[in-house]
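Here's input_1.txt, which has compact mmCIF, C-alpha atoms and all ligand atoms:
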```
# COMPACT_ATOMS: atom_id res chain seq x y z
CA MET L 885 0.13 -6.28 -24.97
CA LYS L 886 0.30 -8.60 -21.96
CA ILE L 887 2.07 -7.28 -18.85
CA LEU L 888 3.34 -9.37 -15.94
CA VAL L 889 3.18 -7.57 -12.58
CA ILE L 890 5.49 -8.82 -9.83
CA ASN L 891 5.42 -7.89 -6.13
CA CYS L 892 8.23 -9.65 -4.24
CA GLY L 893 8.41 -10.00 -0.46
CA SER L 894 11.21 -11.68 1.46
CA SER L 895 9.68 -15.17 1.33
CA SER L 896 6.61 -14.56 -0.81
CA LEU L 897 5.69 -13.19 -4.20
CA LYS L 898 2.43 -12.05 -5.80
CA TYR L 899 1.89 -11.80 -9.55
CA GLN L 900 -0.73 -10.94 -12.15
CA VAL L 901 -0.88 -10.97 -15.93
CA LEU L 902 -3.04 -8.27 -17.50
CA GLU L 903 -4.10 -7.66 -21.10
CA MET L 904 -3.61 -3.94 -21.58
CA GLU L 905 -5.75 -3.23 -24.65
CA THR L 906 -8.81 -4.09 -22.54
CA GLU L 907 -7.20 -3.70 -19.09
CA THR L 908 -8.41 -7.16 -18.12
CA LEU L 909 -6.89 -9.49 -15.58
CA LEU L 910 -5.92 -12.80 -17.21
CA CYS L 911 -4.46 -14.63 -14.22
CA LYS L 912 -3.03 -14.02 -10.78
CA GLY L 913 -1.28 -15.98 -8.11
CA PHE L 914 1.15 -16.05 -5.25
CA VAL L 915 4.11 -18.04 -4.04
CA GLU L 916 4.71 -18.60 -0.35
CA ARG L 917 7.61 -19.99 1.66
CA ILE L 918 10.34 -19.15 -0.84
CA GLY L 919 13.63 -20.53 0.55
CA LEU L 920 11.76 -22.50 3.23
CA ASP L 921 10.34 -26.02 3.46
CA GLY L 922 6.93 -26.39 1.82
CA SER L 923 7.19 -23.75 -0.95
CA VAL L 924 3.87 -23.47 -2.72
CA LEU L 925 2.50 -21.64 -5.75
CA LYS L 926 -1.22 -20.91 -6.07
CA HIS L 927 -2.28 -19.87 -9.57
CA GLU L 928 -5.71 -18.68 -10.65
CA LYS L 929 -6.76 -18.14 -14.25
CA ALA L 930 -9.87 -16.01 -14.68
CA ASP L 931 -13.00 -18.24 -14.53
CA MET L 932 -11.05 -21.37 -13.56
CA GLU L 933 -10.53 -23.21 -10.28
CA PRO L 934 -7.17 -22.31 -8.68
CA VAL L 935 -4.30 -24.75 -9.16
CA VAL L 936 -1.76 -25.42 -6.43
CA LEU L 937 1.82 -26.44 -7.17
CA GLN L 938 4.07 -27.71 -4.41
CA ALA L 939 7.75 -27.79 -5.39
CA PRO L 940 11.01 -26.77 -3.74
CA MET L 941 11.73 -23.08 -4.48
CA ASN L 942 15.03 -22.22 -2.91
CA ASP L 943 15.19 -18.62 -4.06
CA HIS L 944 13.27 -15.94 -5.95
CA LYS L 945 14.72 -17.09 -9.28
CA GLU L 946 13.30 -20.60 -8.83
CA ALA L 947 9.96 -19.14 -7.73
CA ILE L 948 9.77 -16.86 -10.79
CA ALA L 949 10.69 -19.80 -13.07
CA HIS L 950 7.62 -21.62 -11.69
CA VAL L 951 5.48 -18.51 -12.20
CA MET L 952 6.63 -18.40 -15.84
CA ASP L 953 5.74 -22.10 -16.25
CA ALA L 954 2.27 -21.42 -14.83
CA VAL L 955 1.77 -18.41 -17.15
CA VAL L 956 2.54 -20.49 -20.29
CA ASP L 957 0.95 -23.76 -19.11
CA PRO L 958 -1.25 -25.17 -21.93
CA GLU L 959 -4.21 -25.67 -19.57
CA HIS L 960 -4.23 -22.89 -16.98
CA GLY L 961 -1.74 -20.56 -18.67
CA VAL L 962 -2.61 -17.31 -20.45
CA ALA L 963 0.18 -17.08 -23.08
CA SER L 964 1.61 -19.56 -25.57
CA SER L 965 5.15 -18.44 -24.75
CA MET L 966 6.85 -15.81 -22.59
CA LYS L 967 7.51 -13.84 -25.81
CA GLU L 968 3.87 -12.70 -25.50
CA ILE L 969 4.71 -10.90 -22.25
CA GLY L 970 5.62 -7.42 -23.50
CA ALA L 971 7.05 -6.14 -20.21
CA VAL L 972 7.27 -6.78 -16.48
CA GLY L 973 6.16 -4.19 -13.92
CA HIS L 974 7.80 -4.47 -10.51
CA ARG L 975 6.46 -3.02 -7.30
CA VAL L 976 9.34 -1.42 -5.43
CA VAL L 977 8.75 0.10 -2.00
CA HIS L 978 11.37 2.84 -1.71
CA ALA L 979 12.94 5.09 -4.31
CA GLY L 980 13.96 7.79 -1.82
CA GLU L 981 14.04 11.21 -3.50
CA LYS L 982 15.39 9.70 -6.71
CA TYR L 983 12.17 8.92 -8.60
CA ALA L 984 8.88 10.78 -8.51
CA TRP L 985 7.46 8.58 -11.27
CA SER L 986 7.73 4.99 -12.55
CA VAL L 987 10.83 4.30 -14.66
CA LEU L 988 12.41 1.75 -16.96
CA LEU L 989 14.74 -0.41 -14.88
CA THR L 990 18.21 0.18 -16.32
CA ASP L 991 21.48 -0.70 -14.57
CA ASP L 992 21.73 2.91 -13.34
CA VAL L 993 18.22 2.83 -11.86
CA ILE L 994 18.94 -0.47 -10.12
CA HIS L 995 22.10 0.99 -8.56
CA ALA L 996 20.07 3.99 -7.39
CA LEU L 997 17.54 1.62 -5.78
CA GLU L 998 20.37 -0.29 -4.10
CA ASP L 999 21.40 3.05 -2.57
CA CYS L 1000 17.91 3.26 -1.03
CA VAL L 1001 18.26 -0.10 0.81
CA SER L 1002 19.19 1.58 4.10
CA LEU L 1003 15.88 3.52 3.95
CA ALA L 1004 13.82 0.31 3.47
CA PRO L 1005 16.00 -2.56 4.73
CA LEU L 1006 13.10 -5.01 4.92
CA HIS L 1007 11.41 -4.21 1.63
CA ASN L 1008 13.85 -3.07 -1.05
CA PRO L 1009 16.19 -6.14 -0.89
CA PRO L 1010 13.44 -8.67 -1.83
CA ASN L 1011 12.11 -6.25 -4.48
CA LEU L 1012 15.63 -6.09 -5.96
CA LEU L 1013 15.99 -9.89 -5.80
CA GLY L 1014 12.79 -10.23 -7.84
CA ILE L 1015 14.06 -7.72 -10.43
CA ALA L 1016 17.44 -9.51 -10.72
CA ALA L 1017 15.74 -12.91 -11.12
CA CYS L 1018 13.37 -11.61 -13.81
CA ARG L 1019 16.22 -9.95 -15.71
CA GLU L 1020 18.13 -13.24 -15.71
CA LEU L 1021 15.15 -15.31 -16.78
CA MET L 1022 13.74 -12.80 -19.29
CA PRO L 1023 16.85 -10.95 -20.52
CA THR L 1024 15.14 -9.29 -23.51
CA THR L 1025 11.89 -8.26 -21.77
CA PRO L 1026 11.73 -4.61 -20.61
CA MET L 1027 11.26 -4.14 -16.85
CA VAL L 1028 9.66 -1.13 -15.17
CA GLY L 1029 9.85 -0.11 -11.50
CA VAL L 1030 6.76 1.38 -9.84
CA PHE L 1031 7.53 2.88 -6.44
CA ASP L 1032 5.34 3.21 -3.33
CA THR L 1033 7.08 6.46 -2.48
CA ALA L 1034 6.93 8.07 -5.95
CA PHE L 1035 3.47 9.70 -5.79
CA HIS L 1036 4.34 11.34 -2.46
CA GLN L 1037 7.37 13.07 -3.95
CA SER L 1038 4.99 15.85 -5.03
CA MET L 1039 4.65 16.81 -1.32
CA PRO L 1040 5.91 20.34 -0.50
CA GLU L 1041 8.91 20.54 1.85
CA GLU L 1042 6.94 22.19 4.65
CA TYR L 1043 4.99 18.92 4.87
CA TYR L 1044 7.90 16.50 4.65
CA ILE L 1045 10.49 18.13 6.91
CA TYR L 1046 10.55 16.93 10.52
CA ALA L 1047 11.28 19.38 13.32
CA ILE L 1048 14.62 17.79 14.19
CA PRO L 1049 18.09 19.15 13.34
CA TYR L 1050 18.01 19.90 9.61
CA GLU L 1051 21.32 18.16 8.98
CA TYR L 1052 19.66 14.75 9.58
CA TYR L 1053 17.74 15.45 6.40
CA THR L 1054 20.75 16.61 4.40
CA LYS L 1055 23.14 13.95 5.79
CA TYR L 1056 20.85 10.91 6.01
CA GLY L 1057 17.66 11.72 4.13
CA VAL L 1058 15.51 11.70 7.28
CA ARG L 1059 12.17 13.17 6.09
CA ARG L 1060 8.60 12.09 5.46
CA TYR L 1061 8.45 9.82 2.39
CA GLY L 1062 4.99 8.26 2.64
CA PHE L 1063 3.96 4.82 1.36
CA HIS L 1064 1.01 3.11 -0.42
CA GLY L 1065 1.52 5.82 -3.08
CA THR L 1066 0.34 3.62 -5.95
CA SER L 1067 -2.92 2.91 -4.12
CA HIS L 1068 -3.51 6.57 -3.16
CA ARG L 1069 -2.85 7.61 -6.78
CA TYR L 1070 -5.19 4.96 -8.19
CA VAL L 1071 -8.14 5.77 -5.91
CA SER L 1072 -7.66 9.55 -6.26
CA GLU L 1073 -7.87 9.21 -10.06
CA ARG L 1074 -10.98 7.02 -9.76
CA ALA L 1075 -12.45 9.53 -7.28
CA ALA L 1076 -12.05 12.37 -9.82
CA ALA L 1077 -13.79 10.18 -12.42
CA MET L 1078 -16.65 9.39 -10.00
CA LEU L 1079 -17.00 13.09 -9.14
CA GLY L 1080 -17.06 13.91 -12.87
CA LYS L 1081 -14.18 16.35 -12.45
CA GLU L 1082 -10.67 16.78 -13.80
CA ILE L 1083 -8.11 15.55 -11.25
CA ALA L 1084 -6.52 19.04 -11.34
CA ASP L 1085 -9.78 20.46 -9.94
CA THR L 1086 -10.21 18.01 -7.05
CA LYS L 1087 -9.27 17.94 -3.40
CA VAL L 1088 -9.52 14.46 -1.92
CA ILE L 1089 -8.56 12.67 1.27
CA THR L 1090 -7.79 9.01 0.59
CA CYS L 1091 -7.93 6.53 3.49
CA HIS L 1092 -6.02 3.30 2.68
CA LEU L 1093 -7.05 1.09 5.61
CA GLY L 1094 -5.47 -2.36 5.27
CA ASN L 1095 -3.09 -4.22 7.56
CA GLY L 1096 -0.88 -1.21 7.10
CA ALA L 1097 -2.87 2.02 6.96
CA SER L 1098 -2.21 5.50 5.69
CA ILE L 1099 -4.19 8.59 4.78
CA THR L 1100 -3.26 11.19 2.19
CA ALA L 1101 -4.39 14.73 1.40
CA ILE L 1102 -4.30 15.23 -2.39
CA ASP L 1103 -4.74 18.65 -3.98
CA GLY L 1104 -5.17 18.73 -7.75
CA GLY L 1105 -3.55 15.31 -8.18
CA LYS L 1106 -0.53 16.23 -6.05
CA VAL L 1107 0.15 15.01 -2.54
CA LEU L 1108 -0.02 17.75 0.07
CA ASP L 1109 0.47 15.55 3.13
CA THR L 1110 0.45 11.89 4.08
CA SER L 1111 0.39 10.08 7.40
CA MET L 1112 3.19 7.52 6.96
CA GLY L 1113 6.57 9.10 7.37
CA PHE L 1114 10.23 8.17 7.23
CA THR L 1115 8.99 4.59 7.63
CA PRO L 1116 5.50 3.02 7.52
CA LEU L 1117 5.37 3.14 11.34
CA GLU L 1118 4.06 6.71 11.60
CA GLY L 1119 0.51 7.96 11.37
CA LEU L 1120 -2.67 5.95 11.83
CA VAL L 1121 -3.08 3.09 14.30
CA MET L 1122 -2.61 -0.12 12.27
CA GLY L 1123 -3.05 -3.88 12.67
CA THR L 1124 0.23 -4.31 14.55
CA ARG L 1125 1.94 -0.90 14.17
CA CYS L 1126 1.54 1.84 16.77
CA GLY L 1127 1.27 4.87 14.45
CA ASP L 1128 1.90 8.26 16.11
CA ILE L 1129 3.21 8.02 19.67
CA ASP L 1130 5.33 10.23 21.89
CA PRO L 1131 8.92 9.33 20.85
CA ALA L 1132 9.99 9.52 24.51
CA ILE L 1133 8.06 6.28 25.12
CA ILE L 1134 10.80 4.35 23.28
CA ASP L 1135 13.56 5.18 25.78
CA PHE L 1136 11.17 4.77 28.72
CA ILE L 1137 10.04 1.25 27.71
CA SER L 1138 13.57 0.24 26.78
CA GLN L 1139 14.69 1.08 30.33
CA LYS L 1140 11.68 -0.41 32.12
CA GLU L 1141 11.70 -3.67 30.16
CA ASP L 1142 15.49 -3.86 29.67
CA LEU L 1143 15.15 -3.93 25.89
CA THR L 1144 17.34 -2.46 23.19
CA ILE L 1145 15.96 0.36 21.02
CA ARG L 1146 15.81 -2.15 18.16
CA GLU L 1147 13.71 -4.53 20.26
CA VAL L 1148 11.31 -1.73 21.21
CA ASN L 1149 11.13 -0.73 17.54
CA ASP L 1150 10.19 -4.32 16.70
CA ILE L 1151 7.41 -4.26 19.33
CA LEU L 1152 6.09 -0.98 17.90
CA ASN L 1153 5.98 -2.57 14.44
CA LYS L 1154 4.75 -6.08 15.21
CA LYS L 1155 2.99 -6.18 18.58
CA SER L 1156 1.27 -2.82 18.80
CA GLY L 1157 -1.67 -1.24 16.95
CA VAL L 1158 -5.09 -2.81 17.46
CA LEU L 1159 -3.39 -6.12 18.31
CA GLY L 1160 -1.50 -4.45 21.14
CA ILE L 1161 -4.55 -2.65 22.53
CA SER L 1162 -7.04 -5.52 22.19
CA GLY L 1163 -4.74 -8.48 22.87
CA VAL L 1164 -7.13 -10.32 20.52
CA SER L 1165 -5.87 -10.05 16.93
CA SER L 1166 -4.65 -7.66 14.26
CA ASP L 1167 -7.60 -8.66 12.07
CA PHE L 1168 -10.60 -6.36 12.36
CA ARG L 1169 -13.04 -9.22 11.81
CA ASP L 1170 -11.76 -10.89 15.00
CA ILE L 1171 -11.73 -7.61 16.92
CA GLU L 1172 -15.26 -6.69 15.86
CA ALA L 1173 -16.48 -10.17 16.84
CA ALA L 1174 -14.77 -9.93 20.26
CA ALA L 1175 -16.14 -6.41 20.84
CA ALA L 1176 -19.65 -7.63 19.96
CA LYS L 1177 -19.30 -10.30 22.66
CA GLY L 1178 -18.43 -7.67 25.24
CA ASN L 1179 -14.61 -7.68 25.16
CA ALA L 1180 -13.87 -4.16 26.46
CA ARG L 1181 -10.31 -3.96 25.13
CA ALA L 1182 -11.44 -5.00 21.65
CA ALA L 1183 -14.09 -2.26 21.77
CA LEU L 1184 -11.42 0.19 22.96
CA ALA L 1185 -9.10 -0.76 20.06
CA LEU L 1186 -11.87 0.02 17.55
CA LYS L 1187 -12.51 3.42 19.18
CA VAL L 1188 -8.83 4.36 19.29
CA TYR L 1189 -8.45 3.34 15.64
CA ALA L 1190 -11.50 5.30 14.48
CA ASN L 1191 -10.49 8.39 16.46
CA LYS L 1192 -7.08 8.51 14.81
CA VAL L 1193 -8.57 8.34 11.30
CA LYS L 1194 -11.04 11.07 12.30
CA PHE L 1195 -8.20 13.19 13.67
CA TYR L 1196 -6.34 13.01 10.35
CA ILE L 1197 -9.48 13.69 8.28
CA GLY L 1198 -10.02 16.86 10.33
CA GLY L 1199 -6.37 17.88 10.01
CA TYR L 1200 -6.31 17.29 6.28
CA MET L 1201 -9.61 19.15 5.79
CA ALA L 1202 -7.82 22.11 7.39
CA GLU L 1203 -4.62 21.68 5.37
CA LEU L 1204 -6.61 21.41 2.11
CA ASN L 1205 -9.06 24.15 3.14
CA GLY L 1206 -11.94 21.76 2.46
CA ALA L 1207 -12.26 18.62 0.38
CA ASP L 1208 -14.52 17.31 -2.39
CA ALA L 1209 -14.34 13.70 -1.22
CA ILE L 1210 -13.18 11.27 1.42
CA VAL L 1211 -12.24 7.91 -0.11
CA PHE L 1212 -12.18 4.57 1.72
CA THR L 1213 -10.05 1.76 0.30
CA ALA L 1214 -8.08 -1.45 1.13
CA GLY L 1215 -9.32 -4.42 3.22
CA LEU L 1216 -10.92 -2.53 6.11
CA GLY L 1217 -11.78 0.58 4.10
CA GLU L 1218 -13.58 -1.55 1.50
CA ASN L 1219 -15.31 -3.96 3.90
CA GLY L 1220 -15.49 -2.33 7.30
CA VAL L 1221 -19.09 -1.12 7.47
CA LEU L 1222 -18.90 -0.65 11.25
CA MET L 1223 -15.52 1.11 11.11
CA ARG L 1224 -16.64 3.52 8.37
CA ASN L 1225 -19.66 4.35 10.54
CA MET L 1226 -17.46 4.97 13.57
CA ILE L 1227 -15.04 7.18 11.60
CA CYS L 1228 -17.72 9.31 9.93
CA LYS L 1229 -19.87 9.70 13.05
CA ASP L 1230 -20.24 13.31 14.21
CA LEU L 1231 -18.41 14.89 11.29
CA THR L 1232 -21.47 16.81 10.15
CA ASN L 1233 -19.98 20.21 11.05
CA LEU L 1234 -17.18 19.45 8.57
CA GLY L 1235 -19.81 18.73 5.90
CA ILE L 1236 -19.24 14.96 5.99
CA LEU L 1237 -22.55 13.06 6.19
CA LEU L 1238 -22.52 9.28 5.78
CA SER L 1239 -25.71 7.56 4.65
CA PRO L 1240 -26.05 4.50 6.93
CA GLU L 1241 -28.07 2.69 4.24
CA ARG L 1242 -25.56 3.36 1.45
CA ASN L 1243 -22.74 2.39 3.80
CA GLU L 1244 -24.08 -1.20 3.93
CA ILE L 1245 -21.91 -2.22 1.00
CA ARG L 1246 -18.58 -3.96 0.58
CA GLY L 1247 -15.91 -4.24 -2.07
CA ARG L 1248 -17.24 -2.23 -5.00
CA GLU L 1249 -17.25 1.38 -6.12
CA ALA L 1250 -20.07 3.29 -4.48
CA VAL L 1251 -21.09 6.70 -3.13
CA LEU L 1252 -21.65 6.34 0.63
CA SER L 1253 -22.56 9.93 1.51
CA ALA L 1254 -26.05 11.31 1.91
CA ASP L 1255 -27.43 13.42 -0.98
CA ASP L 1256 -27.11 16.60 1.11
CA SER L 1257 -23.51 15.90 2.18
CA PRO L 1258 -21.27 18.75 0.93
CA VAL L 1259 -18.31 16.33 0.94
CA SER L 1260 -18.73 13.05 -0.99
CA ILE L 1261 -17.79 9.83 0.78
CA LEU L 1262 -16.62 7.24 -1.75
CA LEU L 1263 -15.85 3.54 -1.53
CA ILE L 1264 -13.24 2.66 -4.15
CA PRO L 1265 -11.55 -0.78 -4.16
CA THR L 1266 -7.84 -0.24 -4.73
CA ASN L 1267 -6.02 -1.86 -7.65
CA GLU L 1268 -2.30 -1.33 -7.31
CA GLU L 1269 -1.53 -4.07 -9.85
CA LEU L 1270 -3.58 -2.35 -12.56
CA MET L 1271 -1.79 0.92 -11.83
CA ILE L 1272 1.62 -0.84 -12.07
CA ALA L 1273 0.57 -2.50 -15.35
CA LYS L 1274 -0.71 0.80 -16.78
CA ASP L 1275 2.52 2.64 -15.91
CA THR L 1276 4.57 -0.22 -17.35
CA TYR L 1277 2.53 -0.30 -20.57
CA LYS L 1278 2.82 3.47 -20.95
CA ILE L 1279 6.58 3.50 -20.44
CA VAL L 1280 7.36 0.62 -22.82
CA SER L 1281 4.94 1.97 -25.47
CA GLU L 1282 6.60 5.43 -25.56
P1 LIG L 1301 -2.80 -5.74 3.23
O1 LIG L 1301 -2.24 -4.48 3.80
O2 LIG L 1301 -2.20 -6.97 3.83
O3 LIG L 1301 -2.94 -5.77 1.73
P2 LIG L 1301 -5.69 -5.69 3.19
O4 LIG L 1301 -5.89 -4.49 2.37
O5 LIG L 1301 -6.03 -7.01 2.63
O6 LIG L 1301 -4.26 -5.73 3.84
O7 LIG L 1301 -6.57 -5.48 4.54
C1 LIG L 1301 -6.57 -6.39 5.55
C2 LIG L 1301 -7.46 -5.88 6.67
O8 LIG L 1301 -8.79 -5.74 6.18
C3 LIG L 1301 -7.52 -6.84 7.84
O9 LIG L 1301 -7.26 -6.16 9.04
C4 LIG L 1301 -8.94 -7.31 7.85
O10 LIG L 1301 -9.40 -7.43 9.14
C5 LIG L 1301 -9.70 -6.19 7.16
N1 LIG L 1301 -10.93 -6.75 6.59
C6 LIG L 1301 -11.06 -7.54 5.52
N2 LIG L 1301 -12.36 -7.91 5.36
C7 LIG L 1301 -13.06 -7.32 6.36
C8 LIG L 1301 -14.44 -7.31 6.76
N3 LIG L 1301 -15.36 -7.98 6.08
N4 LIG L 1301 -14.77 -6.58 7.85
C9 LIG L 1301 -13.85 -5.91 8.55
N5 LIG L 1301 -12.55 -5.89 8.23
C10 LIG L 1301 -12.14 -6.58 7.16
```
Conversion result in structure tokens:
Amino acid sequence: MKILVINCGSSSLKYQVLEMETETLLCKGFVERIGLDGSVLKHEKADMEPVVLQAPMNDHKEAIAHVMDAVVDPEHGVASSMKEIGAVGHRVVHAGEKYAWSVLLTDDVIHALEDCVSLAPLHNPPNLLGIAACRELMPTTPMVGVFDTAFHQSMPEEYYIYAIPYEYYTKYGVRRYGFHGTSHRYVSERAAAMLGKEIADTKVITCHLGNGASITAIDGGKVLDTSMGFTPLEGLVMGTRCGDIDPAIIDFISQKEDLTIREVNDILNKKSGVLGISGVSSDFRDIEAAAAKGNARAALALKVYANKVKFYIGGYMAELNGADAIVFTAGLGENGVLMRNMICKDLTNLGILLSPERNEIRGREAVLSADDSPVSILLIPTNEELMIAKDTYKIVSE
């Protein structure tokens, strides 16, 4: 069966088609500038040069219609008709406490996801637009929702309750939800396979270090704790997000700079993190290059970032009472040789010993720890699309 995976943003959309019998990627692509001038679709069939289509795409429905044309195109398509697409898997950011697993998207489920919009006002609306457009264009094709928050629903309440008046949880659902769940689940399952263990017998700490970054403590395949919270702003230092800060800073800055709380919130999301510290960029390649040329603030940003990851690894080692493996994934986790070195430096008393030679690797599964390291350090490229396709295939095959 062929599965189409869709990940809709507000003005962009990513897609892949996978063949599930062999779990192979047939094609992938993305659309940018939906609803803006200069909409463009870039489509890539395996082993072929990418094709670029420029056409007006006023909304998600028009964009998805172009994706469908690309998928069935006689030259660079991968199906003779859309009837070959057995199901569509949609990435949805927030399912609140409603879904702890991927589900078939029925009217009831869609209403439940609409109820979660206030929890993810930037992310759930475009996800829902993509689902509505696909249902209109492919009315007989089953659709499955795969949620970023679902994996983290296994977290015990003593890890998700904030120390604020309890009624904010019962009245408004203010609690830790966690994000990047599909990625943390994928790499934790691969980690168990690499360790040659059943997932139920593993304790792993998964570091998803991309533009957004989060770290999760996973005990026997269930989340114990995760660093992102009520929103993706909490936890690690990120490209442009501040991560953990003293909440009193918000009122202080709002008064000093005469800004509303919303404006300060925007700064904490978009102008903070390593961009805010370095003043150089949110991209680690730029920051590393600047630091190498002697830019002190770029060097400081790298140190602050590494220290925060280290802090969480230590905390999660304590919460888990030891771990079998630390996993690095996502853009920086998969490619950041220098950053992995900085994070793992001086962790020997926790039994974490990086091999500098093995660490000189990017973008493919590898063991990075020294032979005598009690805790394995693993590099595992994430594959959220494969996870979405696998869940979708499983649900529609049941
Ligand atoms: P997203 O969250 O947008 O999916 P990615 O997982 O693609 O993000 O990660 C993007 C981050 O990965 C960027 O900050 C980028 O600097 C970092 N990155 C990618 N390649 C490298 C590299 N070779 N060295 C250091 N950092 C890298």
Please write out, as JSON, where the centre of an axis-aligned box around all listed atoms of ligand LIG 1301 (chain L) lies and how long its edges are, in Å to one decimal, after adding 3 Å on each side.
```
{"center_x": -8.8, "center_y": -6.2, "center_z": 5.4, "size_x": 19.2, "size_y": 9.5, "size_z": 13.4}
```
### Message
Measuring between all atoms listed in the file, which one of L:Gly970, L:Gly1215, L:Pro1005, L:Gly1104 shows the shortest distance to ligand LIG 1301 (chain L)?
### Response
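So, comparing all the options, the nearest one is L:Gly1215.
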### Message
Using all atoms listed in the file, which residues of the polymer chains come no farther than 12 Å from ligand LIG 1301 (chain L)? I'd like the answer as a ChimeraX atom specification.
### Response
/L:891,893,898,1063-1064,1067,1091-1098,1116,1121-1125,1157-1159,1164-1173,1186,1189,1212-1225,1244-1247,1265-1269
### Task
Find the residue from L:Cys1000, L:Ile1236, L:Cys1228, L:Ile1045 that sits nearest to Lys1192 of chain L; use all atoms listed in the file when measuring.
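For Lys1192 of chain L, the nearest of the candidates is L:Cys1228.
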### Query
In Å, how far is it from atom CA of Asp1256 of chain L to atom CA of Gly1235 of chain L?
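Interatomic distance here is 9.0 Å.
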### Task
Point out the residue among L:Val1028, L:Leu1006, L:Ile1048, L:Ile1102 with the least atom-to-atom distance to Val977 of chain L, counting all atoms listed in the file.
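Among the listed residues, the smallest separation from Val977 of chain L belongs to L:Leu1006.
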### Task
Name the residues in contact with Pro1010 of chain L at a cut-off of 10 Å, using all atoms listed in the file, excluding same-chain residues fewer than 3 positions from it; report them as a VMD selection string.
chain L and resid 891 to 897 944 976 to 977 1005 to 1007 1013 to 1016
### Message
So that I can see what lies close to Ile994 of chain L, please list as a list of chain:residue names the residues with an atom at most 12 Å from it, counting all atoms listed in the file and leaving out residues fewer than 5 positions away in the same chain.
### Response
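Close residues of Ile994 of chain L: L:His974, L:Val976, L:His978, L:Ala979, L:Lys982, L:Tyr983, L:Val987, L:Leu988, L:Leu989, L:Asp999, L:Cys1000, L:Val1001, L:Asn1008, L:Pro1009, L:Asn1011, L:Leu1012, L:Leu1013, L:Gly1014, L:Ile1015, L:Ala1016, L:Arg1019, L:Met1027, L:Val1028, L:Gly1029.
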Suppose we keep C-alpha atoms; can you now write the selection as an mmCIF file, in the frame of the given file?
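Below is the file that was written, out_15.cif:
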```
data_model
loop_
_atom_site.group_PDB
_atom_site.id
_atom_site.type_symbol
_atom_site.label_atom_id
_atom_site.label_comp_id
_atom_site.auth_asym_id
_atom_site.auth_seq_id
_atom_site.Cartn_x
_atom_site.Cartn_y
_atom_site.Cartn_z
ATOM 1 C CA HIS L 974 7.800 -4.470 -10.510
ATOM 2 C CA VAL L 976 9.340 -1.420 -5.430
ATOM 3 C CA HIS L 978 11.370 2.840 -1.710
ATOM 4 C CA ALA L 979 12.940 5.090 -4.310
ATOM 5 C CA LYS L 982 15.390 9.700 -6.710
ATOM 6 C CA TYR L 983 12.170 8.920 -8.600
ATOM 7 C CA VAL L 987 10.830 4.300 -14.660
ATOM 8 C CA LEU L 988 12.410 1.750 -16.960
ATOM 9 C CA LEU L 989 14.740 -0.410 -14.880
ATOM 10 C CA ASP L 999 21.400 3.050 -2.570
ATOM 11 C CA CYS L 1000 17.910 3.260 -1.030
ATOM 12 C CA VAL L 1001 18.260 -0.100 0.810
ATOM 13 C CA ASN L 1008 13.850 -3.070 -1.050
ATOM 14 C CA PRO L 1009 16.190 -6.140 -0.890
ATOM 15 C CA ASN L 1011 12.110 -6.250 -4.480
ATOM 16 C CA LEU L 1012 15.630 -6.090 -5.960
ATOM 17 C CA LEU L 1013 15.990 -9.890 -5.800
ATOM 18 C CA GLY L 1014 12.790 -10.230 -7.840
ATOM 19 C CA ILE L 1015 14.060 -7.720 -10.430
ATOM 20 C CA ALA L 1016 17.440 -9.510 -10.720
ATOM 21 C CA ARG L 1019 16.220 -9.950 -15.710
ATOM 22 C CA MET L 1027 11.260 -4.140 -16.850
ATOM 23 C CA VAL L 1028 9.660 -1.130 -15.170
ATOM 24 C CA GLY L 1029 9.850 -0.110 -11.500
#
```
### Query
If you measure from atom CA of Leu1231 of chain L to atom CA of Asp1103 of chain L, what distance in Å do you get, rounded to one decimal?
20.8 Å
#### Entry: Nearest to Val1280 of chain L, chosen from L:Tyr1050, L:Asp953, L:Val972, L:Ala1034, with only C-alpha atoms counted in the distances
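Ranking L:Tyr1050, L:Asp953, L:Val972, L:Ala1034 by distance to Val1280 of chain L, first place goes to L:Val972.
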### Query
Which polymer residues have any atom within 9 Å of an atom of Pro934 of chain L, counting all atoms listed in the file, with same-chain residues fewer than 5 positions away left out, as a list of chain:residue names?
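Near neighbours after the sequence-gap exclusion: L:Gly913, L:Lys926, L:His927, L:Glu928, L:Lys929, L:His960.
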#### Entry: atom CA of Thr990 of chain L to atom CA of Pro1026 of chain L, distance in Å rounded to a single decimal
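Straight-line distance from atom CA of Thr990 of chain L to atom CA of Pro1026 of chain L works out to 9.1 Å.
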### Message
Quick one: residues within 7 Å of Ala1273 of chain L, only C-alpha atoms, excluding same-chain residues fewer than 5 positions away - as a list of chain:residue names?
### Response
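Neighbouring residues, sequence-local ones excluded: L:Ile887, L:Val889, L:Gly973.
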#### Entry: Among listed residues L:Lys1081, L:Lys1154, L:Lys1274, L:Arg1248, nearest Leu888 of chain L (using all atoms listed in the file)
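Closest residue, counting all atoms listed in the file: L:Lys1274.
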### Message
Restricting the calculation to all atoms listed in the file: of L:Arg1074, L:Glu1051, L:Lys945, L:Met1039, which residue gets closest to Leu1021 of chain L?
### Response
L:Lys945
